[in-house]
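Source file: entry.cif (mmCIF, C-alpha atoms and all ligand atoms)
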```
data_entry
#
loop_
_atom_site.label_atom_id
_atom_site.label_comp_id
_atom_site.auth_asym_id
_atom_site.auth_seq_id
_atom_site.Cartn_x
_atom_site.Cartn_y
_atom_site.Cartn_z
CA MET A 963 60.57 172.77 112.93
CA LYS A 964 64.26 172.59 113.81
CA TYR A 965 64.71 172.12 117.54
CA ASN A 966 68.32 173.23 117.90
CA ASN A 967 71.31 174.32 115.87
CA ILE A 968 72.74 170.93 115.03
CA ASP A 969 73.32 170.60 111.30
CA PHE A 970 72.56 166.97 110.50
CA ASN A 971 73.39 167.48 106.82
CA HIS A 972 76.30 165.25 105.76
CA LYS A 973 75.87 163.21 108.93
CA THR A 974 75.08 159.50 108.89
CA ILE A 975 72.09 158.63 111.04
CA LEU A 976 70.91 155.17 112.03
CA ILE A 977 67.28 154.73 113.02
CA THR A 978 66.48 151.25 114.26
CA GLY A 979 62.76 150.55 114.24
CA GLY A 980 62.47 153.06 111.41
CA ALA A 981 59.49 151.30 109.85
CA GLY A 982 57.53 151.75 113.07
CA PHE A 983 55.64 154.68 114.52
CA ILE A 984 58.29 156.80 116.23
CA GLY A 985 61.19 155.67 114.05
CA SER A 986 59.45 156.59 110.78
CA ASN A 987 58.54 160.01 112.14
CA LEU A 988 62.21 160.55 112.99
CA ALA A 989 63.25 159.41 109.51
CA PHE A 990 60.94 161.91 107.80
CA TYR A 991 61.99 164.64 110.18
CA PHE A 992 65.62 164.27 109.09
CA GLN A 993 64.71 163.85 105.43
CA GLU A 994 62.65 167.04 105.46
CA PHE A 995 65.01 169.32 107.34
CA PHE A 996 68.39 167.81 106.47
CA PRO A 997 68.24 166.55 102.87
CA GLN A 998 72.01 165.98 102.77
CA ALA A 999 71.93 163.58 105.70
CA THR A 1000 72.43 159.87 105.07
CA ILE A 1001 69.56 158.15 106.85
CA VAL A 1002 69.74 154.41 107.42
CA ILE A 1003 66.78 152.43 108.72
CA PHE A 1004 67.18 149.03 110.33
CA ASP A 1005 63.91 147.15 110.89
CA CYS A 1006 62.61 143.63 110.43
CA PHE A 1007 59.25 144.96 109.21
CA ARG A 1008 56.26 142.68 109.86
CA SER A 1009 55.88 139.04 109.05
CA GLU A 1010 52.69 137.16 109.69
CA ALA A 1011 54.03 135.70 112.95
CA THR A 1012 52.00 136.48 116.04
CA PHE A 1013 52.53 136.21 119.77
CA SER A 1014 50.19 134.15 121.96
CA ASN A 1015 48.16 137.35 122.61
CA GLY A 1016 47.24 137.32 118.90
CA ASN A 1017 49.22 140.49 118.10
CA LEU A 1018 51.89 140.63 115.41
CA GLN A 1019 55.46 140.05 116.56
CA SER A 1020 56.61 143.29 114.93
CA PHE A 1021 54.62 146.21 113.61
CA GLY A 1022 56.98 147.81 111.07
CA HIS A 1023 55.06 148.57 107.86
CA TYR A 1024 56.27 149.68 104.45
CA LYS A 1025 53.42 152.21 104.26
CA ASN A 1026 55.07 154.21 107.04
CA LEU A 1027 58.02 154.72 104.70
CA ILE A 1028 56.39 155.69 101.43
CA GLY A 1029 58.38 158.71 100.24
CA PHE A 1030 61.48 157.78 102.25
CA LYS A 1031 64.64 158.14 100.16
CA GLY A 1032 67.32 156.80 102.49
CA ASP A 1033 68.82 153.34 102.96
CA ILE A 1034 66.80 150.47 104.39
CA VAL A 1035 68.43 147.45 105.94
CA CYS A 1036 65.80 144.82 106.60
CA GLY A 1037 67.13 142.86 109.54
CA ASN A 1038 66.30 141.34 112.87
CA LEU A 1039 67.70 142.49 116.21
CA ASN A 1040 68.02 138.82 117.15
CA GLN A 1041 70.32 138.01 114.22
CA LYS A 1042 73.92 139.06 114.72
CA LYS A 1043 74.64 138.76 110.99
CA ASP A 1044 71.79 141.21 110.30
CA LEU A 1045 73.12 143.69 112.82
CA GLU A 1046 76.62 143.30 111.40
CA GLN A 1047 75.41 144.78 108.11
CA LEU A 1048 75.35 148.09 109.98
CA GLU A 1049 79.13 147.93 110.21
CA ASN A 1050 79.24 148.96 106.53
CA TYR A 1051 78.48 152.50 107.69
CA THR A 1052 80.05 154.95 110.11
CA PHE A 1053 77.31 156.54 112.14
CA ASP A 1054 77.30 159.95 113.75
CA TYR A 1055 73.94 159.48 115.46
CA ILE A 1056 72.03 156.36 116.43
CA PHE A 1057 68.35 156.49 117.36
CA HIS A 1058 67.51 153.06 118.70
CA GLN A 1059 63.74 152.59 118.58
CA ALA A 1060 63.45 148.95 117.48
CA ALA A 1061 61.95 146.69 120.11
CA ILE A 1062 59.05 144.50 120.92
CA SER A 1063 56.87 147.49 121.78
CA ASP A 1064 53.80 145.51 122.85
CA THR A 1065 53.44 145.82 126.62
CA ARG A 1066 51.17 142.77 126.74
CA VAL A 1067 53.63 140.18 125.53
CA TYR A 1068 54.41 137.88 128.42
CA ASP A 1069 57.01 135.59 126.81
CA GLN A 1070 59.94 136.80 128.87
CA GLU A 1071 62.60 135.02 126.84
CA ILE A 1072 61.71 136.60 123.51
CA ILE A 1073 61.32 140.07 125.05
CA MET A 1074 64.63 139.92 126.85
CA LYS A 1075 66.47 138.53 123.84
CA THR A 1076 65.01 141.08 121.43
CA ASN A 1077 65.10 144.21 123.56
CA VAL A 1078 68.08 143.62 125.83
CA ASN A 1079 70.60 141.31 124.12
CA SER A 1080 70.66 143.48 120.99
CA PHE A 1081 71.28 146.58 123.08
CA TYR A 1082 74.87 145.50 123.77
CA PHE A 1083 75.54 145.45 120.04
CA ILE A 1084 74.00 148.91 119.61
CA LEU A 1085 76.06 150.29 122.51
CA GLU A 1086 79.25 148.81 121.09
CA LEU A 1087 78.42 150.18 117.63
CA ALA A 1088 77.94 153.67 119.11
CA LYS A 1089 81.22 153.33 121.00
CA LYS A 1090 83.15 152.16 117.94
CA HIS A 1091 81.75 154.93 115.74
CA HIS A 1092 81.91 157.67 118.39
CA ALA A 1093 78.21 158.13 117.67
CA SER A 1094 75.68 159.80 119.94
CA LEU A 1095 73.21 157.16 121.03
CA ILE A 1096 69.62 158.00 121.85
CA TYR A 1097 67.49 154.98 122.73
CA ALA A 1098 63.85 154.39 123.61
CA SER A 1099 63.13 153.50 127.19
CA SER A 1100 59.59 153.63 128.55
CA ALA A 1101 57.24 154.82 131.27
CA ALA A 1102 56.38 151.13 131.63
CA THR A 1103 59.54 150.90 133.76
CA TYR A 1104 57.58 152.68 136.52
CA GLY A 1105 54.78 150.14 136.85
CA SER A 1106 52.35 151.61 139.36
CA MET A 1107 54.81 153.91 141.12
CA PRO A 1108 52.98 157.02 142.32
CA SER A 1109 52.92 160.18 140.23
CA PRO A 1110 54.92 162.09 139.30
CA GLN A 1111 57.12 159.24 138.03
CA THR A 1112 60.75 160.12 138.50
CA VAL A 1113 63.85 158.57 136.94
CA GLY A 1114 65.56 156.36 139.52
CA LYS A 1115 62.29 155.23 141.13
CA GLU A 1116 61.17 152.42 138.84
CA SER A 1117 59.25 149.26 139.57
CA PRO A 1118 58.36 147.46 136.33
CA GLU A 1119 55.35 145.18 136.42
CA ASN A 1120 55.58 143.35 133.11
CA PRO A 1121 58.36 141.77 131.02
CA TYR A 1122 58.34 144.67 128.56
CA GLY A 1123 58.77 147.22 131.36
CA PHE A 1124 61.53 145.09 132.85
CA SER A 1125 63.36 144.88 129.50
CA LYS A 1126 63.48 148.69 129.27
CA TYR A 1127 64.50 148.91 132.94
CA ALA A 1128 67.36 146.50 132.21
CA MET A 1129 68.42 148.62 129.22
CA ASP A 1130 68.53 151.69 131.46
CA LYS A 1131 70.73 149.90 133.98
CA ILE A 1132 73.10 148.76 131.23
CA ALA A 1133 73.14 152.28 129.78
CA PHE A 1134 74.04 153.79 133.16
CA ARG A 1135 76.92 151.34 133.47
CA TYR A 1136 78.16 152.24 129.98
CA ILE A 1137 77.90 155.93 130.79
CA LYS A 1138 80.02 155.41 133.89
CA GLU A 1139 82.60 153.27 132.11
CA ASN A 1140 82.71 155.48 128.99
CA PRO A 1141 82.43 159.06 130.17
CA SER A 1142 83.15 160.46 126.71
CA MET A 1143 80.17 158.67 125.18
CA ASN A 1144 76.92 160.51 124.63
CA ILE A 1145 74.14 158.13 125.69
CA VAL A 1146 70.59 159.24 126.37
CA GLY A 1147 67.62 157.04 127.23
CA LEU A 1148 64.20 158.57 126.74
CA LYS A 1149 61.33 157.23 128.81
CA TYR A 1150 58.38 157.95 126.58
CA PHE A 1151 54.99 158.12 128.24
CA ASN A 1152 51.85 157.46 126.09
CA VAL A 1153 52.76 158.64 122.61
CA TYR A 1154 50.10 159.36 119.97
CA GLY A 1155 50.25 160.78 116.46
CA ALA A 1156 50.74 160.14 112.76
CA LYS A 1157 52.03 156.74 111.61
CA GLU A 1158 50.84 154.84 114.68
CA PHE A 1159 47.95 153.12 112.88
CA PHE A 1160 49.96 150.03 111.93
CA LYS A 1161 50.52 149.23 115.60
CA ASP A 1162 47.04 147.74 115.34
CA LYS A 1163 45.50 147.16 118.79
CA THR A 1164 48.57 148.58 120.49
CA ALA A 1165 48.13 151.99 118.84
CA SER A 1166 47.04 154.80 121.14
CA THR A 1167 43.46 155.19 122.32
CA VAL A 1168 43.37 158.47 120.39
CA ILE A 1169 43.27 156.74 117.02
CA GLN A 1170 41.23 153.80 118.31
CA PHE A 1171 38.47 155.98 119.79
CA ALA A 1172 38.49 158.25 116.74
CA HIS A 1173 37.98 155.30 114.42
CA GLN A 1174 35.07 154.07 116.58
CA LEU A 1175 33.47 157.48 116.22
CA LEU A 1176 34.08 157.59 112.47
CA ALA A 1177 32.40 154.17 112.24
CA LYS A 1178 29.38 155.84 113.89
CA LYS A 1179 29.86 153.86 117.09
CA ALA A 1180 29.71 155.28 120.60
CA PRO A 1181 33.12 155.48 122.32
CA ARG A 1182 33.65 152.43 124.57
CA LEU A 1183 35.64 153.23 127.69
CA PHE A 1184 36.58 151.40 130.86
CA GLU A 1185 34.34 152.16 133.83
CA GLY A 1186 35.82 155.06 135.80
CA SER A 1187 37.65 156.41 132.73
CA ASP A 1188 37.37 159.93 134.05
CA THR A 1189 39.65 158.85 136.90
CA ILE A 1190 42.22 156.90 134.87
CA LEU A 1191 44.81 159.51 134.01
CA ARG A 1192 47.79 159.18 131.71
CA ASP A 1193 50.48 161.47 130.43
CA PHE A 1194 49.69 161.53 126.71
CA VAL A 1195 52.49 163.03 124.64
CA TYR A 1196 52.24 164.07 121.00
CA ILE A 1197 54.70 162.63 118.50
CA LYS A 1198 56.10 166.08 117.66
CA ASP A 1199 57.19 166.54 121.28
CA VAL A 1200 58.83 163.10 121.13
CA ILE A 1201 60.77 164.16 118.04
CA GLN A 1202 61.77 167.34 119.84
CA ALA A 1203 63.11 165.27 122.75
CA ASN A 1204 65.13 163.02 120.43
CA ILE A 1205 66.73 165.96 118.66
CA LYS A 1206 67.53 167.78 121.89
CA ALA A 1207 68.93 164.54 123.32
CA CYS A 1208 71.72 164.78 120.72
CA VAL A 1209 73.32 167.54 122.80
CA PRO A 1210 72.52 166.79 126.42
CA LYS A 1211 74.29 168.61 129.22
CA LYS A 1212 74.81 165.12 130.62
CA SER A 1213 74.29 161.54 129.47
CA GLY A 1214 71.48 159.81 131.34
CA VAL A 1215 67.87 158.73 131.24
CA TYR A 1216 65.08 161.28 130.96
CA ASN A 1217 61.28 161.32 130.92
CA VAL A 1218 59.38 162.42 127.84
CA GLY A 1219 55.83 163.43 128.67
CA THR A 1220 53.85 166.60 129.20
CA ALA A 1221 53.66 166.45 133.02
CA LYS A 1222 49.93 167.12 132.57
CA PRO A 1223 47.99 163.88 132.97
CA ARG A 1224 44.63 163.61 131.23
CA SER A 1225 41.82 161.08 131.36
CA PHE A 1226 40.64 158.66 128.70
CA GLN A 1227 37.30 160.43 129.00
CA ASP A 1228 39.07 163.67 127.95
CA ILE A 1229 40.31 161.97 124.79
CA ALA A 1230 36.82 160.78 123.88
CA ASP A 1231 35.35 164.22 124.59
CA ILE A 1232 37.98 166.09 122.57
CA LEU A 1233 37.50 163.71 119.65
CA GLN A 1234 33.72 164.10 119.73
CA LYS A 1235 34.23 167.85 119.51
CA GLU A 1236 36.74 167.55 116.64
CA LEU A 1237 34.54 165.13 114.71
CA GLY A 1238 31.26 166.90 115.45
CA THR A 1239 29.62 163.87 117.09
CA ASP A 1240 27.63 163.54 120.28
CA TYR A 1241 27.44 159.86 121.17
CA GLN A 1242 26.67 158.64 124.65
CA THR A 1243 29.81 156.92 126.02
CA GLU A 1244 29.46 153.20 126.74
CA TYR A 1245 31.37 151.82 129.74
CA PHE A 1246 32.63 148.31 130.41
CA SER A 1247 34.77 146.83 133.17
CA ASN A 1248 38.54 146.93 132.76
CA PRO A 1249 39.77 143.38 132.06
CA PHE A 1250 43.45 144.20 132.64
CA LYS A 1251 45.45 143.50 135.78
CA GLY A 1252 48.44 145.73 136.49
CA TYR A 1253 46.85 148.67 134.64
CA GLN A 1254 48.57 152.02 135.16
CA MET A 1255 45.90 154.24 136.75
CA HIS A 1256 47.82 157.50 136.93
CA THR A 1257 50.94 158.51 135.07
CA GLN A 1258 52.56 161.91 135.08
CA ALA A 1259 56.10 162.42 133.94
CA ASN A 1260 58.40 164.37 136.18
CA ILE A 1261 60.15 166.36 133.43
CA GLU A 1262 62.28 168.64 135.57
CA THR A 1263 65.59 167.00 134.61
CA SER A 1264 64.48 166.61 130.98
CA LYS A 1265 63.98 170.38 130.90
CA GLU A 1266 67.24 171.15 132.67
CA VAL A 1267 69.55 168.71 130.93
CA LEU A 1268 67.99 168.37 127.47
CA GLY A 1269 66.21 171.69 127.19
CA TYR A 1270 63.05 169.68 126.43
CA SER A 1271 59.84 171.64 126.68
CA PRO A 1272 56.56 170.01 125.60
CA GLN A 1273 54.61 172.20 123.21
CA TRP A 1274 51.45 170.20 122.56
CA SER A 1275 48.43 169.99 124.85
CA LEU A 1276 46.09 167.05 124.27
CA GLU A 1277 43.61 169.39 122.56
CA ALA A 1278 46.26 170.87 120.25
CA GLY A 1279 47.83 167.48 119.46
CA ILE A 1280 44.52 165.88 118.54
CA HIS A 1281 43.56 168.91 116.46
CA ASP A 1282 46.86 168.68 114.57
CA TYR A 1283 46.39 164.93 114.06
CA ILE A 1284 42.70 164.70 113.18
CA GLU A 1285 43.03 165.01 109.39
CA GLU A 1286 45.57 162.16 109.32
CA ILE A 1287 43.21 160.06 111.47
CA LYS A 1288 40.40 160.63 108.95
CA THR A 1289 42.65 159.88 105.96
CA ILE A 1290 43.77 156.61 107.54
CA TYR A 1291 40.17 155.68 108.26
CA PHE A 1292 39.06 156.29 104.69
CA THR A 1293 42.09 154.63 103.07
CA GLU A 1294 42.78 151.73 105.42
CA ILE A 1295 39.50 150.83 107.09
CA LEU A 1296 36.57 151.67 104.88
N1 LIG B 1301 54.59 154.56 121.37
C1 LIG B 1301 54.67 154.67 122.68
O1 LIG B 1301 53.73 155.15 123.34
C2 LIG B 1301 55.93 154.22 123.41
C3 LIG B 1301 56.00 154.44 124.79
C4 LIG B 1301 57.14 154.04 125.47
C5 LIG B 1301 58.20 153.48 124.79
N2 LIG B 1301 58.10 153.25 123.45
C6 LIG B 1301 59.25 152.64 122.77
O2 LIG B 1301 59.59 153.43 121.66
C7 LIG B 1301 60.12 152.63 120.61
C8 LIG B 1301 59.33 152.85 119.35
O3 LIG B 1301 57.98 152.50 119.62
P1 LIG B 1301 56.82 152.63 118.56
O4 LIG B 1301 55.63 153.11 119.28
O5 LIG B 1301 57.32 153.35 117.38
O6 LIG B 1301 56.58 151.09 118.24
P2 LIG B 1301 56.59 150.30 116.86
O7 LIG B 1301 56.22 148.91 117.21
O8 LIG B 1301 55.77 151.02 115.85
O9 LIG B 1301 58.12 150.38 116.42
C9 LIG B 1301 59.06 149.41 116.75
C10 LIG B 1301 59.74 148.95 115.47
O10 LIG B 1301 60.69 147.96 115.82
C11 LIG B 1301 60.64 146.94 114.85
N3 LIG B 1301 61.07 145.69 115.45
C12 LIG B 1301 60.41 144.95 116.38
N4 LIG B 1301 61.10 143.83 116.65
C13 LIG B 1301 62.21 143.89 115.86
C14 LIG B 1301 63.30 143.00 115.68
N5 LIG B 1301 63.38 141.84 116.34
N6 LIG B 1301 64.26 143.34 114.79
C15 LIG B 1301 64.19 144.50 114.10
N7 LIG B 1301 63.17 145.38 114.23
C16 LIG B 1301 62.20 145.06 115.11
C17 LIG B 1301 59.18 146.87 114.42
O11 LIG B 1301 59.04 146.28 113.14
C18 LIG B 1301 58.76 148.30 114.46
O12 LIG B 1301 58.91 148.92 113.22
C19 LIG B 1301 60.06 151.19 121.11
O13 LIG B 1301 61.32 150.85 121.64
C20 LIG B 1301 59.01 151.25 122.21
O14 LIG B 1301 59.20 150.25 123.16
C21 LIG B 1301 56.99 153.63 122.74
#
```

How does the structure come out when it is put into structure tokens?
Amino acid sequence: MKYNNIDFNHKTILITGGAGFIGSNLAFYFQEFFPQATIVIFDCFRSEATFSNGNLQSFGHYKNLIGFKGDIVCGNLNQKKDLEQLENYTFDYIFHQAAISDTRVYDQEIIMKTNVNSFYFILELAKKHHASLIYASSAATYGSMPSPQTVGKESPENPYGFSKYAMDKIAFRYIKENPSMNIVGLKYFNVYGAKEFFKDKTASTVIQFAHQLLAKKAPRLFEGSDTILRDFVYIKDVIQANIKACVPKKSGVYNVGTAKPRSFQDIADILQKELGTDYQTEYFSNPFKGYQMHTQANIETSKEVLGYSPQWSLEAGIHDYIEEIKTIYFTEIL
């Protein structure tokens, strides 16, 4: 579905992090609806390197891009010479999704270098090319601030959240110093949907619970999961937000959620219904400190300034996604 009247045909579009979950969805969105667009992906893909938490250092996967016909620049945000390859193009739009997206990486140096240092290059590239820049911020910037979380009232509680908070501050300064630039930061809440599988353990609980059920195992939830509420947002609403962010009434930073928080228990229950199972839920104690217990995006300014309007309830999103979840299970897990 086209979300506004912008004709991206004959435009040159950079998607950093295009081998990842959200970036690859954006790439296929443009390829499908704007076949004359030049789409350039910048991503380091995955190596076998892991962080001390055992997770991969980057989750980009070639399988997210099977069928993609655009250009791919394999490069690392931490390597200036890699980023400089992007100067061979002149971009009209830049969607900056690449980052260490794992909220449980605690090596502050690597997070800050990867997520923040590279952002200056991306901002300068957008400035030089007169490109609209839409970048991924995060609800992690709010830490445990009370709901509804509102832009301007952040309190990050981990290095990842701080890195996105720092990006927002830098973006606001750029907006002030460069009033003609179009810069929009999108604070995604908990995104779920197609092409998230290769995020491994950091993929959403939707796919993780569904795969437990498909393996004929009872869903395993934290104790009190009916009272842990999050704003789960479907990937198609995230794409909508990115497209609408290309013509904001005003540069700035905006929340991308549904404003309707739901519990982890709801996810398990909806999935059981979709998959026709009736397992008794197993509960275990939550091992995580600094766990967000209630998130709910305040989307008033996102509606006003971007025209963003979430279309997918949790039930509808999971229903739309369930066939993909099954396909992934049968092709990647069994
Ligand atoms: N998925 C969510 O729920 C969510 C929520 C809030 C914010 N975000 C943000 O949205 C963006 C996209 O997230 P995602 O869920 O698609 O995650 P993802 O991990 O699937 O995508 C990130 C991509 O960046 C690439 N990357 C990582 N380090 C890199 C480096 N040093 N150089 C080049 N490429 C590198 C990875 O290979 C990967 O393809 C990220 O900035 C993330 O922080 C996501």

Query - 6 Å shell around ligand LIG 1301 (chain B) using all atoms listed in the file, listed as number ranges by chain - result: A: 979-985, 1005-1008, 1020-1022, 1037-1040, 1059-1063, 1076, 1098-1101, 1150-1153, 1161

Go ahead and save the residues from that selection, with C-alpha atoms, as a PDB file, in the coordinates of the input.
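Result file is selection_36.pdb:
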```pdb
ATOM      1  CA  GLY A 979      62.760 150.550 114.240  1.00  0.00           C
ATOM      2  CA  GLY A 980      62.470 153.060 111.410  1.00  0.00           C
ATOM      3  CA  ALA A 981      59.490 151.300 109.850  1.00  0.00           C
ATOM      4  CA  GLY A 982      57.530 151.750 113.070  1.00  0.00           C
ATOM      5  CA  PHE A 983      55.640 154.680 114.520  1.00  0.00           C
ATOM      6  CA  ILE A 984      58.290 156.800 116.230  1.00  0.00           C
ATOM      7  CA  GLY A 985      61.190 155.670 114.050  1.00  0.00           C
ATOM      8  CA  ASP A1005      63.910 147.150 110.890  1.00  0.00           C
ATOM      9  CA  CYS A1006      62.610 143.630 110.430  1.00  0.00           C
ATOM     10  CA  PHE A1007      59.250 144.960 109.210  1.00  0.00           C
ATOM     11  CA  ARG A1008      56.260 142.680 109.860  1.00  0.00           C
ATOM     12  CA  SER A1020      56.610 143.290 114.930  1.00  0.00           C
ATOM     13  CA  PHE A1021      54.620 146.210 113.610  1.00  0.00           C
ATOM     14  CA  GLY A1022      56.980 147.810 111.070  1.00  0.00           C
ATOM     15  CA  GLY A1037      67.130 142.860 109.540  1.00  0.00           C
ATOM     16  CA  ASN A1038      66.300 141.340 112.870  1.00  0.00           C
ATOM     17  CA  LEU A1039      67.700 142.490 116.210  1.00  0.00           C
ATOM     18  CA  ASN A1040      68.020 138.820 117.150  1.00  0.00           C
ATOM     19  CA  GLN A1059      63.740 152.590 118.580  1.00  0.00           C
ATOM     20  CA  ALA A1060      63.450 148.950 117.480  1.00  0.00           C
ATOM     21  CA  ALA A1061      61.950 146.690 120.110  1.00  0.00           C
ATOM     22  CA  ILE A1062      59.050 144.500 120.920  1.00  0.00           C
ATOM     23  CA  SER A1063      56.870 147.490 121.780  1.00  0.00           C
ATOM     24  CA  THR A1076      65.010 141.080 121.430  1.00  0.00           C
ATOM     25  CA  ALA A1098      63.850 154.390 123.610  1.00  0.00           C
ATOM     26  CA  SER A1099      63.130 153.500 127.190  1.00  0.00           C
ATOM     27  CA  SER A1100      59.590 153.630 128.550  1.00  0.00           C
ATOM     28  CA  ALA A1101      57.240 154.820 131.270  1.00  0.00           C
ATOM     29  CA  TYR A1150      58.380 157.950 126.580  1.00  0.00           C
ATOM     30  CA  PHE A1151      54.990 158.120 128.240  1.00  0.00           C
ATOM     31  CA  ASN A1152      51.850 157.460 126.090  1.00  0.00           C
ATOM     32  CA  VAL A1153      52.760 158.640 122.610  1.00  0.00           C
ATOM     33  CA  LYS A1161      50.520 149.230 115.600  1.00  0.00           C
TER      34      LYS A1161
END
```

Query - Residue among A:Tyr1104, A:Ser1225, A:Ser1125, A:Asp1064 lying closest to Ser1014 (chain A), counting all atoms listed in the file - result: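 Among A:Tyr1104, A:Ser1225, A:Ser1125, A:Asp1064, it is A:Asp1064 that comes nearest to Ser1014 (chain A).
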
Query raised in the report: Using only C-alpha atoms, which of the listed residues (A:Tyr1082, A:Phe1013, A:Phe1053, A:Phe970) sits closest to Gln998 (chain A)?
Result: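 Comparing A:Tyr1082, A:Phe1013, A:Phe1053, A:Phe970 against Gln998 (chain A), the winner is A:Phe970.
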
Query raised in the report: Between A:Leu1085, A:Ile1034, A:Ala1102, A:Ile1096, which has the minimum distance to Ile1132 (chain A) (counting only C-alpha atoms)?
Result: A:Leu1085

Report summary line: In terms of only C-alpha atoms, the residue from A:Phe1194, A:Phe1292, A:Phe1083, A:Tyr965 at minimal distance from Ala1259 (chain A) is A:Phe1194

Report summary line: From the list A:Asp1054, A:Ile1284, A:Val1002, A:Lys1157, the nearest residue to Tyr1024 (chain A) using all atoms listed in the file is A:Lys1157

Might you pull out every residue within 10 Å of Gln1047 (chain A), with all atoms listed in the file counted and same-chain residues fewer than 2 positions away left off, and present them as a PDB file with C-alpha atoms, in the frame of the given file?
```
ATOM      1  CA  PHE A1004      67.180 149.030 110.330  1.00  0.00           C
ATOM      2  CA  VAL A1035      68.430 147.450 105.940  1.00  0.00           C
ATOM      3  CA  CYS A1036      65.800 144.820 106.600  1.00  0.00           C
ATOM      4  CA  GLY A1037      67.130 142.860 109.540  1.00  0.00           C
ATOM      5  CA  LYS A1042      73.920 139.060 114.720  1.00  0.00           C
ATOM      6  CA  LYS A1043      74.640 138.760 110.990  1.00  0.00           C
ATOM      7  CA  ASP A1044      71.790 141.210 110.300  1.00  0.00           C
ATOM      8  CA  LEU A1045      73.120 143.690 112.820  1.00  0.00           C
ATOM      9  CA  GLU A1049      79.130 147.930 110.210  1.00  0.00           C
ATOM     10  CA  ASN A1050      79.240 148.960 106.530  1.00  0.00           C
ATOM     11  CA  TYR A1051      78.480 152.500 107.690  1.00  0.00           C
TER      12      TYR A1051
END
```

Query - Pick from A:Ile1001, A:Val1195, A:Leu1087, A:Ala989, whichever lies nearest to Leu1276 (chain A) using all atoms listed in the file - result: A:Val1195

Find the spatial neighbours of Phe1057 (chain A), counting only C-alpha atoms, within a cut-off of 7 Å - ignore same-chain residues fewer than 6 positions away - and output them as a PDB file with C-alpha atoms, in the frame of the given file.
```
ATOM      1  CA  LEU A 976      70.910 155.170 112.030  1.00  0.00           C
ATOM      2  CA  ILE A 977      67.280 154.730 113.020  1.00  0.00           C
ATOM      3  CA  THR A 978      66.480 151.250 114.260  1.00  0.00           C
ATOM      4  CA  LEU A1095      73.210 157.160 121.030  1.00  0.00           C
ATOM      5  CA  ILE A1096      69.620 158.000 121.850  1.00  0.00           C
ATOM      6  CA  TYR A1097      67.490 154.980 122.730  1.00  0.00           C
TER       7      TYR A1097
END
```

Report task. Considering all atoms listed in the file, return as a list in words whatever protein or nucleic-acid residues lie within 12 Å of Thr1293 (chain A), sequence-local ones (same chain, fewer than 4 positions apart) excluded. Result ->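 Result of the neighbour search: Lys1025, Phe1159, Glu1286, Ile1287, Lys1288 and Thr1289 of chain A.
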
Query raised in the report: Could you work out how far CA of His1092 (chain A) lies from CA of Met1143 (chain A), giving the answer in Å with one decimal?
Result: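 Computing the Euclidean distance for CA of Met1143 (chain A) and CA of His1092 (chain A) yields 7.1 Å.
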
Query - Atomic distance CA of Gln1202 (chain A) - CA of Arg1135 (chain A), expressed in Å with one decimal - result: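 Computing it gives 25.9 Å between the two atoms.
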
Requested in this report: Identify the residues around (61.3, 164.3, 132.6) within a radius of 7 Å, measuring from only C-alpha atoms in the coordinates stated by the file, and give them as number ranges by chain.
Outcome: A: 1216-1219, 1259-1265

Query raised in the report: Could you state the separation of CA of Ile1084 (chain A) and CA of Ala1207 (chain A) in Å, given to one decimal place?
Result: 16.8 Å

Work out where the centre of an axis-aligned box around every listed atom of region 1177-1185 of chain A lies and how long its edges are once 5 Å is added on each side; give both in Å to one decimal as JSON.
```
{"center_x": 33.0, "center_y": 153.6, "center_z": 123.0, "size_x": 17.2, "size_y": 14.4, "size_z": 31.6}
```

Query raised in the report: Which polymer residues have any atom within 12 Å of an atom of Lys1251 (chain A), counting only C-alpha atoms, with same-chain residues fewer than 3 positions away left out, as a PyMOL selection string?
Result: chain A and resi 1066+1105-1106+1119-1120+1247-1248+1254-1255

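Once Asp1282 (chain A) and its same-chain neighbours fewer than 2 positions away are set aside, Tyr1154, Gly1155, Ala1156, Tyr1196, Ile1197, Lys1198, Leu1233, Glu1236, Trp1274, Ser1275, Leu1276, Glu1277, Ala1278, Gly1279, Ile1280, Ile1284, Glu1285, Glu1286, Ile1287 and Lys1288 of chain A remain within 12 Å of it when counting only C-alpha atoms.
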